[in-house]
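The structure file start-v8.txt is reproduced below (compact mmCIF, C-alpha atoms and all ligand atoms).
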# COMPACT_ATOMS: atom_id res chain seq x y z
CA MET S 1 0.00 0.00 0.00
CA LYS S 2 1.90 3.02 -1.25
CA ASN S 3 -0.78 5.55 -2.14
CA ILE S 4 -2.44 6.73 1.04
CA GLY S 5 -5.37 9.14 1.13
CA ILE S 6 -6.07 11.17 4.26
CA ILE S 7 -9.37 13.00 4.69
CA GLY S 8 -9.23 15.81 7.25
CA SER S 9 -6.02 17.77 7.76
CA GLY S 10 -6.59 18.80 11.39
CA THR S 11 -4.71 17.60 14.46
CA MET S 12 -4.79 13.91 13.51
CA GLY S 13 -4.90 14.04 9.70
CA ILE S 14 -1.67 16.00 9.32
CA GLY S 15 0.06 13.77 11.89
CA ILE S 16 -0.99 10.59 10.07
CA ALA S 17 0.10 12.18 6.77
CA GLN S 18 3.55 12.80 8.30
CA VAL S 19 3.76 9.16 9.46
CA ALA S 20 2.80 7.76 6.04
CA ALA S 21 5.12 10.14 4.14
CA THR S 22 8.00 9.31 6.50
CA ASN S 23 7.43 5.68 5.51
CA ASN S 24 7.88 6.42 1.80
CA CYS S 25 4.19 6.55 0.94
CA GLN S 26 2.70 9.03 -1.48
CA VAL S 27 0.07 10.89 0.55
CA PHE S 28 -3.05 12.57 -0.82
CA LEU S 29 -4.31 15.00 1.82
CA TYR S 30 -7.82 16.41 1.48
CA ASP S 31 -9.85 18.68 3.77
CA GLN S 32 -13.08 20.48 2.92
CA ASN S 33 -11.43 23.56 4.37
CA SER S 34 -8.33 24.17 2.27
CA LEU S 35 -7.22 26.95 4.64
CA GLN S 36 -6.88 24.27 7.30
CA THR S 37 -4.68 22.18 4.97
CA GLU S 38 -2.49 25.23 4.28
CA LYS S 39 -2.18 25.91 8.00
CA SER S 40 -1.40 22.26 8.77
CA LEU S 41 1.22 22.02 6.02
CA GLU S 42 2.88 25.20 7.35
CA GLY S 43 2.89 23.56 10.77
CA LEU S 44 4.42 20.41 9.29
CA GLN S 45 7.24 22.45 7.75
CA LYS S 46 8.07 23.80 11.22
CA VAL S 47 7.89 20.31 12.74
CA LEU S 48 10.26 18.96 10.07
CA ALA S 49 12.64 21.91 10.55
CA ARG S 50 12.80 21.14 14.27
CA LEU S 51 13.49 17.46 13.54
CA VAL S 52 16.39 18.56 11.28
CA GLU S 53 17.68 20.95 13.98
CA LYS S 54 17.60 18.13 16.53
CA GLY S 55 19.48 15.87 14.12
CA LYS S 56 16.63 13.36 13.94
CA VAL S 57 16.09 13.76 10.18
CA GLU S 58 18.47 14.75 7.36
CA ILE S 59 17.50 17.94 5.56
CA GLU S 60 17.09 16.11 2.24
CA GLU S 61 14.82 13.51 3.82
CA SER S 62 12.73 16.24 5.47
CA GLU S 63 12.17 17.76 2.02
CA ASN S 64 11.26 14.34 0.62
CA ILE S 65 8.73 13.76 3.43
CA TYR S 66 7.13 17.13 2.75
CA ASN S 67 7.08 16.61 -1.02
CA ARG S 68 5.41 13.22 -0.69
CA ILE S 69 2.28 14.96 0.63
CA LYS S 70 0.01 16.20 -2.14
CA PHE S 71 -2.42 18.96 -1.20
CA CYS S 72 -5.81 17.89 -2.65
CA THR S 73 -8.70 20.26 -3.12
CA GLU S 74 -11.30 17.68 -4.13
CA LEU S 75 -12.25 14.26 -2.81
CA LYS S 76 -11.86 12.79 -6.28
CA ASP S 77 -8.11 13.51 -6.13
CA LEU S 78 -7.97 10.41 -3.89
CA LYS S 79 -9.09 8.10 -6.73
CA ASP S 80 -5.79 6.16 -7.05
CA CYS S 81 -5.35 5.41 -3.36
CA ASP S 82 -4.76 1.91 -1.96
CA LEU S 83 -5.85 2.98 1.51
CA VAL S 84 -7.85 6.01 2.66
CA ILE S 85 -7.86 7.03 6.32
CA GLU S 86 -10.58 9.46 7.36
CA ALA S 87 -9.80 11.87 10.22
CA ILE S 88 -12.64 14.39 10.11
CA ILE S 89 -15.07 15.65 12.74
CA GLU S 90 -16.28 12.98 15.22
CA ASN S 91 -19.82 12.73 13.80
CA LYS S 92 -21.28 9.49 12.47
CA GLU S 93 -23.60 10.94 9.80
CA ILE S 94 -20.88 13.20 8.35
CA LYS S 95 -18.39 10.32 8.28
CA GLN S 96 -20.98 8.05 6.56
CA LYS S 97 -21.59 10.69 3.90
CA VAL S 98 -17.85 11.04 3.19
CA PHE S 99 -17.45 7.26 2.78
CA ALA S 100 -20.55 7.01 0.57
CA ASP S 101 -19.01 9.68 -1.71
CA LEU S 102 -15.61 8.03 -1.57
CA GLU S 103 -16.95 4.60 -2.54
CA SER S 104 -17.87 5.87 -5.99
CA ILE S 105 -14.40 7.42 -6.47
CA VAL S 106 -11.87 4.78 -5.40
CA SER S 107 -11.34 1.27 -6.82
CA ASN S 108 -13.04 -1.69 -5.16
CA GLU S 109 -9.64 -2.87 -3.84
CA CYS S 110 -9.01 0.34 -1.93
CA VAL S 111 -9.20 -0.16 1.85
CA LEU S 112 -11.32 2.40 3.71
CA ALA S 113 -10.57 3.29 7.32
CA SER S 114 -11.77 5.67 9.98
CA ASN S 115 -9.61 7.19 12.71
CA THR S 116 -12.72 7.59 14.89
CA SER S 117 -12.07 7.60 18.63
CA SER S 118 -15.40 6.15 19.63
CA ILE S 119 -18.02 5.72 16.90
CA SER S 120 -19.02 2.13 16.09
CA ILE S 121 -17.06 0.95 13.04
CA THR S 122 -19.93 -1.37 12.13
CA SER S 123 -22.39 1.53 12.13
CA ILE S 124 -20.18 3.83 9.99
CA SER S 125 -19.87 1.08 7.36
CA SER S 126 -23.38 -0.38 7.44
CA ASP S 127 -24.67 1.55 4.40
CA LEU S 128 -21.60 0.99 2.23
CA LYS S 129 -21.90 -1.10 -0.92
CA ASN S 130 -18.81 -3.02 0.17
CA PRO S 131 -18.41 -2.84 3.97
CA SER S 132 -15.93 -5.76 3.98
CA ARG S 133 -13.05 -3.41 3.04
CA PHE S 134 -13.81 -1.03 5.92
CA LEU S 135 -12.26 -0.93 9.41
CA GLY S 136 -11.01 1.40 12.13
CA ILE S 137 -7.35 2.48 12.26
CA HIS S 138 -7.08 4.57 15.40
CA PHE S 139 -3.88 6.56 15.84
CA PHE S 140 -3.13 8.48 19.03
CA ASN S 141 -2.16 12.12 19.39
CA PRO S 142 0.50 13.16 18.34
CA ALA S 143 0.41 10.45 15.64
CA PRO S 144 4.12 10.66 14.68
CA LEU S 145 5.20 10.15 18.31
CA MET S 146 2.66 7.74 19.77
CA PRO S 147 3.48 4.13 18.87
CA LEU S 148 0.08 2.58 19.67
CA VAL S 149 -2.49 2.10 16.91
CA GLU S 150 -5.80 0.33 17.54
CA ILE S 151 -7.09 -1.70 14.58
CA ILE S 152 -10.81 -2.25 14.83
CA PRO S 153 -12.65 -4.64 12.54
CA GLY S 154 -16.42 -4.14 12.39
CA LEU S 155 -18.87 -7.04 12.15
CA LEU S 156 -18.84 -6.76 8.35
CA THR S 157 -15.05 -6.42 7.87
CA ASP S 158 -13.20 -9.05 5.80
CA GLU S 159 -11.54 -11.40 8.29
CA ASN S 160 -8.10 -11.09 6.64
CA LEU S 161 -8.02 -7.30 6.60
CA PRO S 162 -7.06 -6.61 10.26
CA GLN S 163 -3.88 -8.71 9.92
CA LYS S 164 -2.97 -6.97 6.65
CA ILE S 165 -3.32 -3.56 8.33
CA ASN S 166 -1.52 -4.86 11.41
CA ASP S 167 1.48 -5.71 9.19
CA LEU S 168 1.30 -2.33 7.47
CA MET S 169 1.29 -0.49 10.81
CA LYS S 170 4.29 -2.53 11.99
CA SER S 171 6.12 -1.60 8.78
CA TRP S 172 5.39 2.05 9.68
CA GLY S 173 7.08 1.49 13.06
CA LYS S 174 3.84 1.40 15.03
CA VAL S 175 2.71 -1.01 17.75
CA PRO S 176 -0.73 -2.15 16.61
CA VAL S 177 -3.35 -3.89 18.70
CA ILE S 178 -6.52 -5.41 17.28
CA ALA S 179 -9.51 -4.27 19.35
CA GLU S 180 -13.19 -5.21 19.42
CA ASP S 181 -15.73 -2.79 17.98
CA LEU S 182 -17.12 -1.79 21.39
CA PRO S 183 -17.66 1.83 22.55
CA GLY S 184 -14.32 3.59 23.10
CA PHE S 185 -12.40 0.47 21.94
CA ILE S 186 -9.59 -0.06 24.50
CA VAL S 187 -7.88 3.22 25.32
CA ASN S 188 -10.81 5.61 25.10
CA ARG S 189 -12.92 3.36 27.29
CA ILE S 190 -10.25 3.25 29.99
CA ALA S 191 -9.65 6.99 29.61
CA ARG S 192 -13.31 8.07 30.06
CA PRO S 193 -13.38 7.74 33.88
CA PHE S 194 -9.90 9.33 34.04
CA TYR S 195 -11.13 12.54 32.39
CA GLY S 196 -14.62 12.31 33.92
CA GLU S 197 -13.44 12.14 37.53
CA ALA S 198 -10.88 14.92 36.94
CA LEU S 199 -13.64 17.16 35.55
CA ARG S 200 -15.93 16.34 38.48
CA ILE S 201 -13.16 17.23 40.96
CA VAL S 202 -12.92 20.67 39.34
CA GLU S 203 -16.73 21.08 39.08
CA GLU S 204 -17.01 20.29 42.79
CA ARG S 205 -14.21 22.82 43.50
CA ILE S 206 -12.09 20.25 45.26
CA ALA S 207 -9.04 21.32 43.24
CA THR S 208 -8.10 23.41 40.20
CA PRO S 209 -7.03 21.86 36.85
CA ALA S 210 -3.42 22.84 37.61
CA GLN S 211 -3.54 21.15 41.02
CA VAL S 212 -5.04 17.96 39.56
CA ASP S 213 -2.45 17.88 36.78
CA GLU S 214 0.42 18.49 39.16
CA ALA S 215 -0.78 15.69 41.46
CA MET S 216 -1.03 13.24 38.57
CA ARG S 217 2.37 14.22 37.17
CA THR S 218 4.34 14.32 40.40
CA ILE S 219 2.61 11.73 42.58
CA GLY S 220 1.01 9.60 39.87
CA ASN S 221 4.08 9.75 37.60
CA PHE S 222 1.90 10.43 34.55
CA LYS S 223 3.60 12.28 31.68
CA MET S 224 0.67 14.71 31.49
CA GLY S 225 -2.27 15.42 33.77
CA PRO S 226 -5.87 14.96 32.54
CA PHE S 227 -6.44 18.68 31.80
CA GLU S 228 -3.19 19.00 29.85
CA LEU S 229 -4.27 15.94 27.89
CA MET S 230 -7.77 17.27 27.23
CA ASP S 231 -6.21 20.50 25.93
CA LEU S 232 -3.94 18.47 23.66
CA ILE S 233 -6.76 16.30 22.32
CA GLY S 234 -9.25 19.18 21.97
CA ASN S 235 -12.19 19.67 24.33
CA ASP S 236 -14.69 19.36 21.47
CA ILE S 237 -13.31 15.97 20.40
CA ASN S 238 -13.02 14.73 23.98
CA PHE S 239 -16.59 15.83 24.74
CA SER S 240 -17.96 14.12 21.59
CA VAL S 241 -16.14 10.90 22.45
CA THR S 242 -17.61 10.88 25.97
CA LYS S 243 -21.12 11.54 24.62
CA THR S 244 -20.79 8.64 22.17
CA VAL S 245 -19.43 6.18 24.76
CA TYR S 246 -22.15 7.26 27.26
CA ALA S 247 -24.98 6.78 24.73
CA ASP S 248 -23.55 3.54 23.31
CA TYR S 249 -23.39 1.98 26.76
CA PHE S 250 -27.11 2.79 27.11
CA TYR S 251 -26.51 5.80 29.36
CA ASP S 252 -24.45 4.04 32.00
CA PRO S 253 -23.84 6.86 34.58
CA LYS S 254 -20.20 5.76 34.80
CA TYR S 255 -19.56 7.56 31.48
CA LYS S 256 -21.74 10.64 32.06
CA PRO S 257 -20.32 13.68 30.17
CA SER S 258 -19.31 16.84 32.02
CA LEU S 259 -21.27 20.12 31.84
CA LEU S 260 -18.01 22.02 32.32
CA GLN S 261 -16.53 20.39 29.24
CA GLN S 262 -19.74 21.09 27.32
CA ARG S 263 -19.48 24.80 28.17
CA MET S 264 -15.77 24.83 27.28
CA SER S 265 -16.61 23.35 23.86
CA GLU S 266 -19.45 25.86 23.32
CA ALA S 267 -17.05 28.70 24.15
CA LYS S 268 -14.47 27.27 21.71
CA LEU S 269 -12.03 26.96 24.59
CA LEU S 270 -10.84 23.81 22.87
CA GLY S 271 -7.24 23.71 24.08
CA ARG S 272 -4.00 24.00 22.13
CA LYS S 273 -5.68 24.16 18.74
CA THR S 274 -7.59 27.37 19.60
CA GLY S 275 -4.85 28.79 21.87
CA LYS S 276 -6.92 28.48 25.05
CA GLY S 277 -8.57 25.67 26.98
CA PHE S 278 -7.98 24.82 30.61
CA TYR S 279 -4.66 26.64 30.07
CA ASP S 280 -3.63 29.64 27.95
CA TYR S 281 -1.28 28.80 25.07
CA SER S 282 -1.25 32.18 23.32
CA GLY S 283 2.26 32.91 22.15
CA GLU S 284 3.37 29.35 22.69
CA ASN S 285 4.39 26.85 20.06
CA GLN S 286 1.20 24.82 19.58
CA ASP S 287 2.74 21.84 17.88
CA SER S 288 3.77 18.82 19.85
CA ARG S 289 4.80 16.59 16.97
CA ALA S 290 8.56 17.20 17.03
P1 LIG N 1 -9.79 18.43 14.01
O1 LIG N 1 -10.97 19.20 14.41
O2 LIG N 1 -8.44 18.88 14.41
O3 LIG N 1 -9.76 18.25 12.39
C1 LIG N 1 -10.84 17.77 11.66
C2 LIG N 1 -10.71 18.28 10.23
O4 LIG N 1 -11.72 17.64 9.42
C3 LIG N 1 -10.91 19.79 10.09
O5 LIG N 1 -9.78 20.34 9.44
C4 LIG N 1 -12.17 19.92 9.20
O6 LIG N 1 -12.11 21.00 8.28
C5 LIG N 1 -12.18 18.58 8.47
N1 LIG N 1 -13.50 18.16 8.01
C6 LIG N 1 -14.66 18.20 8.72
N2 LIG N 1 -15.66 17.69 7.97
C7 LIG N 1 -15.11 17.31 6.78
C8 LIG N 1 -15.63 16.71 5.60
N3 LIG N 1 -16.92 16.40 5.49
N4 LIG N 1 -14.77 16.47 4.57
C9 LIG N 1 -13.45 16.80 4.67
N5 LIG N 1 -12.91 17.38 5.76
C10 LIG N 1 -13.73 17.61 6.80
O7 LIG N 1 -10.07 16.92 14.51
P2 LIG N 1 -9.01 15.82 14.98
O8 LIG N 1 -8.65 16.06 16.41
O9 LIG N 1 -7.93 15.72 13.96
O10 LIG N 1 -9.91 14.51 14.96
C11 LIG N 1 -10.24 13.87 13.74
C12 LIG N 1 -10.73 12.46 14.04
O11 LIG N 1 -9.69 11.74 14.73
C13 LIG N 1 -11.97 12.39 14.93
O12 LIG N 1 -12.75 11.30 14.52
C14 LIG N 1 -11.37 12.14 16.32
O13 LIG N 1 -12.26 11.49 17.18
C15 LIG N 1 -10.19 11.25 15.96
N6 LIG N 1 -9.08 11.28 16.93
C16 LIG N 1 -8.70 12.44 17.56
C17 LIG N 1 -7.66 12.45 18.47
C18 LIG N 1 -7.21 13.70 19.13
O14 LIG N 1 -6.43 13.61 20.11
N7 LIG N 1 -7.62 14.88 18.68
C19 LIG N 1 -6.92 11.20 18.79
C20 LIG N 1 -7.35 10.05 18.02
C21 LIG N 1 -8.42 10.09 17.15

Would you mind writing the file's structure down as structure tokens?
Amino acid sequence: MKNIGIIGSGTMGIGIAQVAATNNCQVFLYDQNSLQTEKSLEGLQKVLARLVEKGKVEIEESENIYNRIKFCTELKDLKDCDLVIEAIIENKEIKQKVFADLESIVSNECVLASNTSSISITSISSDLKNPSRFLGIHFFNPAPLMPLVEIIPGLLTDENLPQKINDLMKSWGKVPVIAEDLPGFIVNRIARPFYGEALRIVEERIATPAQVDEAMRTIGNFKMGPFELMDLIGNDINFSVTKTVYADYFYDPKYKPSLLQQRMSEAKLLGRKTGKGFYDYSGENQDSRA
């Protein structure tokens, strides 16, 4: 699989594009908002420059990585892809529409994948003409740095496909794990109570986000506290994931979403990507990929 399409050039899409291009793939990067693609490619140039400065990548290779990513302005530019990974907004209906459009563009051999954090893979693919070539490939943020990738077959996925993608991810230097198509898969299910309890502690005024984060970093030995992580992920994405997991487990109170996070999302206090979330990042380098 050498021609890789990526739909959505936000936080995850540009990171996955960097991973694929670093592994000698030709990448076709499409976003409905071409300004976002421009912004993300500018960000990628800075990330690559920092990798060169740190001696992690040769300058010539950094140029090759960048040049392997083709800026696409239409979905049909992805027609020759062997694999397309979708990384758009966490919304089932919008994802289904993108895949329905894509099915009439790509060949029948092209593998279709979603980077969804929480939406049922089976449900995204259920209206496709050929759902057997569809599965979840879930990278973590920042995609170039995080080794884990969850591979999620749906009920209608071809039984040989997960292993094929497992091998591809290994060849990209990732550590894949095949997970069941259950709400939140592995990591996001475990992580829901982690964020949820942290948010409740702040809502109940037991501690501030900074105090919670410091406790988890210093005493818990976590690399980042829950609020730093929510700001990295994006409060909108994190909130959507919690809503999906909550609803898909038939409103089990264990996964109840937080009103504070809902208000933060409404206010566009989304975290690093908007410059402000639980913390203020204005004037700081937003990119954590290098
Ligand atoms: P983001 O908000 O940073 O980027 C999403 C991009 O998709 C935007 O640039 C938007 O213009 C584009 N888009 C929206 N609708 C589109 C459409 N119909 N066609 C083409 N482009 C469209 O989102 P992010 O954080 O990159 O998340 C993307 C997906 O990855 C979501 O499903 C999310 O759950 C998942 N994910 C997110 C992680 C994170 O830490 N942010 C981690 C792992 C998975």

At most 6 Å from ligand LIG 1 (chain N) (all atoms listed in the file): residue list as a ChimeraX atom specification: /S:7-13,31-33,36,87-90,94,98,115-117,138-141,233-234,237

Report as lines of an AutoDock Vina configuration file the centre and the edge lengths, in Å to one decimal, of the axis-aligned box holding every listed atom of range 253-267 of chain S, padded by 5 Å on each side.
center_x = -19.8
center_y = 17.2
center_z = 29.1
size_x = 18.1
size_y = 32.9
size_z = 21.5

All residues 10 Å or closer to Phe134 in chain S, all atoms listed in the file, same chain fewer than 5 positions away omitted, as a PyMOL selection string: chain S and resi 83-84+99+110-114+121-122+124-126+128+152-154+156-158+161-162

Residues within 9 Å of range 166-177 of chain S, all atoms listed in the file, excluding chain neighbours under 6 positions, as a list in words: Met1, Val19, Ala20, Thr22, Asn23, Met146, Pro147, Leu148, Val149, Glu150, Ile151 and Ile152 of chain S

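One finds CA of Lys129 in chain S at 12.5 Å from CA of Val106 in chain S.
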
Please determine the residues with any atom at most 9 Å from (-7.3, 5.6, -1.7) (coordinates as given in the file, with all atoms listed in the file counting) and report them as an mmCIF file with C-alpha atoms, keeping the file's coordinate frame.
data_model
loop_
_atom_site.group_PDB
_atom_site.id
_atom_site.type_symbol
_atom_site.label_atom_id
_atom_site.label_comp_id
_atom_site.auth_asym_id
_atom_site.auth_seq_id
_atom_site.Cartn_x
_atom_site.Cartn_y
_atom_site.Cartn_z
ATOM 1 C CA ASN S 3 -0.780 5.550 -2.140
ATOM 2 C CA ILE S 4 -2.440 6.730 1.040
ATOM 3 C CA GLY S 5 -5.370 9.140 1.130
ATOM 4 C CA ILE S 6 -6.070 11.170 4.260
ATOM 5 C CA PHE S 28 -3.050 12.570 -0.820
ATOM 6 C CA LEU S 78 -7.970 10.410 -3.890
ATOM 7 C CA LYS S 79 -9.090 8.100 -6.730
ATOM 8 C CA ASP S 80 -5.790 6.160 -7.050
ATOM 9 C CA CYS S 81 -5.350 5.410 -3.360
ATOM 10 C CA ASP S 82 -4.760 1.910 -1.960
ATOM 11 C CA LEU S 83 -5.850 2.980 1.510
ATOM 12 C CA VAL S 84 -7.850 6.010 2.660
ATOM 13 C CA ILE S 85 -7.860 7.030 6.320
ATOM 14 C CA LEU S 102 -15.610 8.030 -1.570
ATOM 15 C CA ILE S 105 -14.400 7.420 -6.470
ATOM 16 C CA VAL S 106 -11.870 4.780 -5.400
ATOM 17 C CA SER S 107 -11.340 1.270 -6.820
ATOM 18 C CA CYS S 110 -9.010 0.340 -1.930
ATOM 19 C CA VAL S 111 -9.200 -0.160 1.850
ATOM 20 C CA LEU S 112 -11.320 2.400 3.710
#

Distance criterion (all atoms listed in the file): nearest to Asp101 in chain S out of S:Val52, S:Leu229, S:Val241, S:Leu75: S:Leu75

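Shell of range 193-198 of chain S at 7 Å, with all atoms listed in the file counted and residues fewer than 6 places along the chain excluded, is Pro226, Tyr255, Pro257 and Ser258 of chain S.
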
Between CA of Glu228 in chain S and CA of Glu42 in chain S - distance in Å to one decimal: 24.1 Å

Nearby residues (all atoms listed in the file) at most 10 Å from Asp248 in chain S, same-chain spacing under 3 positions excluded, as a ChimeraX atom specification: /S:118-120,182-184,242-245,251-252,255

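Across the model, the gap from CA of Val47 in chain S to CA of Gly225 in chain S is 23.9 Å.
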
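Closest approach to Glu159 in chain S from the set S:Pro142, S:Phe222, S:Arg133, S:Leu29 is made by S:Arg133, with distances taken over only C-alpha atoms.
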
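Taking only C-alpha atoms into account, Lys254 in chain S lies nearest to S:Arg189 out of the set S:Val57, S:Ser123, S:Asp280, S:Arg189.
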
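If you measure from each of S:Gly43, S:Leu35, S:Leu259, S:Lys54 to Glu204 in chain S using only C-alpha atoms, the closest one turns out to be S:Leu259.
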
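Among the candidate residues S:Ala247, S:Ile16, S:Leu51, S:Leu270, the one lying nearest to Leu232 in chain S is S:Leu270, with distances computed using only C-alpha atoms.
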